[in-house]
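See below for the structure under consideration.
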There are 2 protein chains.
Amino acid sequence: MTLIINHPDDLLDQYVQATLLTHPHLAKHADLPLIYDRHFDGQTIPILSGGGSGHEPAHAGYVGQGMLTAALYGDIFVPPTAQEVFKAIQFLNRGQGVFVIIKNFEADLASFRAGIEAARAQGIPVRYVVSHDDISVDIKARFRKRHRGLAGTIFLHKILGAASQAGASLNQLEELGLTVSLNTATIGFATSSARLPQTGQALFDLPEGQISYGIGIHGEEGYRTVAFTSAEQLANEIINKLKLRFRWQEGQAFILMVNNLGTLSELEQATFLNDIRQLLELEGLTLPFITSGKFMTSLNMAGLSVSLCSLEDQLWLDYLKADTTAFAW
Amino acid sequence: MTLIINHPDDLLDQYVQATLLTHPHLAKHADLPLIYDRHFDGQTIPILSGGGSGHEPAHAGYVGQGMLTAALYGDIFVPPTAQEVFKAIQFLNRGQGVFVIIKNFEADLASFRAGIEAARAQGIPVRYVVSHDDISVDIKARFRKRHRGLAGTIFLHKILGAASQAGASLNQLEELGLTVSLNTATIGFATSSARLPQTGQALFDLPEGQISYGIGIHGEEGYRTVAFTSAEQLANEIINKLKLRFRWQEGQAFILMVNNLGTLSELEQATFLNDIRQLLELEGLTLPFITSGKFMTSLNMAGLSVSLCSLEDQLWLDYLKADTTAFAW
């Protein structure tokens, strides 16, 4: 598979440059791998997120009024360092403190927690939420749930971003973040693995015509591989897993996101979204907010993920529908 | 290559359903293959465009306040019929007439022209512009320029849509459309052909590691096939062709669009955009408006196109930056 690049080492610089070029509300910090909203005025609690690269448009695409104030990025699939997290918090703090959204991966947690501790030691009030929406299981670890942070994280970016814009305090953001996080679940599938630009090699083997369920966003293999038969079959498997997770009641309301993991076409994504919606409606659920797009990718993986969030508060709908200047929402 | 579908025959219905689901400002006409802006109030000149399907998010993604009023769609790579064009014009006309944007393909021109003639025969004032931004050549027809309507068409959608919103008359839209169209050029490349969902077959042969320059959006092969070496080499070839077309002067201002033809990753598109920008700046050009995204695809083709429009009027910048509810701008 031909990758349209010059050298793998300059990919991230290229991405940052291109992103700033096409989105004038964004700026790059002079010393940190940090994209921030140049219109942030310090009147609201700043929200920081980020993680490894390779998930574009995450996270730069969520920086803007009404979503993230800034996003840190590391190398491909490598989170930023604790020192970078600490300095980013210092940079964002205007006296009211900083709220941080972290994806649940071991390396991300280590960096972000140490950075937050360092900031707190300097007297900066910092609160955070950990996103752990993944409900797939690890067949190599006694079918334990993986609880990784996947595309459901974007619900946190949008809901907390709008809440902060509306004047929420650090306390309120923490409470809201925890509730949204606990009510969000994500699971997906892929028809082909991502390939690392450094080597061009697939990160796991998946023969042509096969589907891997429960893949991660760093090239982690899924929990089951089956032959593809139809989009409907995929939707069935995904909905069954979500049903087990939520044990929903007829009439329950959910927020739905179908996320393109990289390189599936618009027609395929639309077909799958319809199948998912039909199955959810057959279950008697209501879907007052549905979104579909490319939110959190894994390089050039071909696949989709489904995120559901049980709508515990009608206010969340207002937050989801509120204006934002972030380009990828 | 596994396609995530159920049956090729229901793909378009699925796409329309999914699009309406995720974009509540859009509605589908009861009898016509027409997506329209349900908030259109008849106070401005309605703008109609459309063509064959397979180019998603075109054209439904450009329907909204400040862009198209409605978009007709045909089967994959097949334009709507003359009768559908006629009825769509009747439906949109509120007494002030209708403006139509047509992509320059033989079958599209035949349908749209006959539909427009039928509407005019009924006394409906209709004006139109033909988009013919493609500057690639047909090596099977004595290197004649192909002049097909490609992604540069989206400049027409945005500029004319904003002009109509600002109160432009049919006459003014026609004049503006002609000027924008004459000053727009597009050329692209692919690393893999699109595959028809009906058959799963590639529409042209392109060995792994090869690049085809000057491809069309209906699976038409390019004018030259070379081995891939770097994104920079691609950018060089593309800029050389655009330079021959425009014979630009130092200091000249251009609008730039880099369009994802289907399935290239964000990092690749960003790299290529930077290379293009650097070459244009080396030429001494200024780029007051740059956009990059998935605007006009060719199913699951892997490739990019570059559109430039010579900025003949500063007002065009205001039109490009004006708000729109269209989801794909």
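So you can find residues: chains in the structure tokens are A, B, ... in the order shown, residues in each start at 1, and ligands are numbered from 1 in order.
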
Would you write out, as CSV, a table of all residues in chain A that have an atom no more than 7 Å from an atom of chain B, listing for each the closest atom pair and the distance in Å to one decimal, considering only C-alpha atoms and ordering rows by chain and rising residue number?
```
residue,atom,partner,partner_atom,distance
A:Met1,CA,B:Glu208,CA,6.5
A:Thr2,CA,B:Gly209,CA,5.4
A:Leu3,CA,B:Glu268,CA,6.9
A:Ile4,CA,B:Glu268,CA,5.2
A:Ile5,CA,B:Ala231,CA,5.0
A:Asn6,CA,B:Ser230,CA,5.0
A:Leu11,CA,B:Leu267,CA,6.6
A:Gln14,CA,B:Thr271,CA,5.1
A:Tyr15,CA,B:Ala270,CA,5.0
A:Ala18,CA,B:Ala270,CA,5.3
A:Thr22,CA,B:Thr291,CA,5.4
A:Glu56,CA,B:Glu266,CA,6.2
A:Thr191,CA,B:Thr2,CA,6.7
A:Glu208,CA,B:Met1,CA,6.5
A:Gly209,CA,B:Thr2,CA,5.4
A:Ser230,CA,B:Asn6,CA,5.0
A:Ala231,CA,B:Ile5,CA,5.0
A:Glu232,CA,B:Asn6,CA,6.6
A:Gly262,CA,B:Ser265,CA,6.3
A:Thr263,CA,B:Thr263,CA,4.6
A:Leu264,CA,B:Thr263,CA,6.6
A:Ser265,CA,B:Asn300,CA,5.4
A:Glu266,CA,B:Glu56,CA,6.2
A:Leu267,CA,B:Tyr15,CA,5.9
A:Glu268,CA,B:Ile4,CA,5.2
A:Ala270,CA,B:Tyr15,CA,5.0
A:Thr271,CA,B:Gln14,CA,5.1
A:Leu273,CA,B:Ala18,CA,6.5
A:Asn274,CA,B:Ala18,CA,5.9
A:Ile290,CA,B:Thr22,CA,5.6
A:Thr291,CA,B:Thr22,CA,5.4
A:Ser292,CA,B:Thr22,CA,6.8
A:Leu299,CA,B:Ser265,CA,6.4
A:Asn300,CA,B:Ser265,CA,5.4
```

Extract, using only C-alpha atoms, all DNA, RNA and protein residues at most 10 Å from A:Gln314, discarding same-chain residues fewer than 4 positions from it, and format them as a list in words. Ala253, Pro288, Asp318 and Tyr319 of chain A

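Those residues that approach stretch 86-102 of chain B to within 7 Å, counting only C-alpha atoms, are Gly42, Ile45, Pro46, Ile47, Leu48, Ser49, Ala82, Leu109, Gly115, Ile116, Ala118, Ala119, Ile124, Pro125, Val126, Arg127, Tyr128, Val129, Val130, Ser131 and Leu170 of chain B; same-chain residues fewer than 4 positions away are not listed.
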
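Using only C-alpha atoms, the residues found no farther than 12 Å from A:Ile239, other than those of its own chain fewer than 6 positions away, are Ile135, Ala185, Thr186, Ile187, Gly188, Glu232, Gln233, Arg245, Phe246, Arg247, Trp248, Leu256, Phe272, Leu273, Asp275, Ile276, Arg277, Gln278, Leu279, Leu280, Glu281, Leu282, Glu283, Leu285, Ser305, Val306, Ser307 and Leu308 of chain A.
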
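Those residues of stretch 155-266 of chain A that DSSP, working from the backbone, places in strand (DSSP E) are A:Thr184, A:Ala185, A:Thr186, A:Ile187, A:Gly188, A:Phe189, A:Ala190, A:Thr191, A:Ser192, A:Gln210, A:Ile211, A:Ser212, A:Tyr213, A:Arg224, A:Thr225, A:Val226, A:Ala227, A:Ala253, A:Phe254, A:Ile255, A:Leu256, A:Met257, A:Val258, A:Asn259, A:Asn260.
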
As a PyMOL selection string, please: the residues near A:Asp323 (cut-off 12 Å, only C-alpha atoms, same-chain neighbours under 6 positions excluded). (chain A and resi 64-67+158-159+161-163+165-166+329) or (chain B and resi 325)

Same residues, C-alpha atoms, output as a tab-separated table (two decimals), in the first residue's frame:
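Printed below is selection-v4.tsv as written:
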```tsv
chain	number	residue	atom	x	y	z
A	64	GLY	CA	-12.02	25.48	19.58
A	65	GLN	CA	-14.60	27.52	21.40
A	66	GLY	CA	-17.11	25.19	23.06
A	67	MET	CA	-14.82	22.13	23.04
A	158	LYS	CA	-18.17	18.13	23.38
A	159	ILE	CA	-20.33	17.95	26.49
A	161	GLY	CA	-16.52	21.86	26.40
A	162	ALA	CA	-20.03	23.26	26.09
A	163	ALA	CA	-20.55	23.05	29.85
A	165	GLN	CA	-18.43	27.56	27.86
A	166	ALA	CA	-21.72	27.87	29.78
A	329	TRP	CA	-17.18	17.99	15.34
B	325	THR	CA	-25.34	25.08	7.28
```
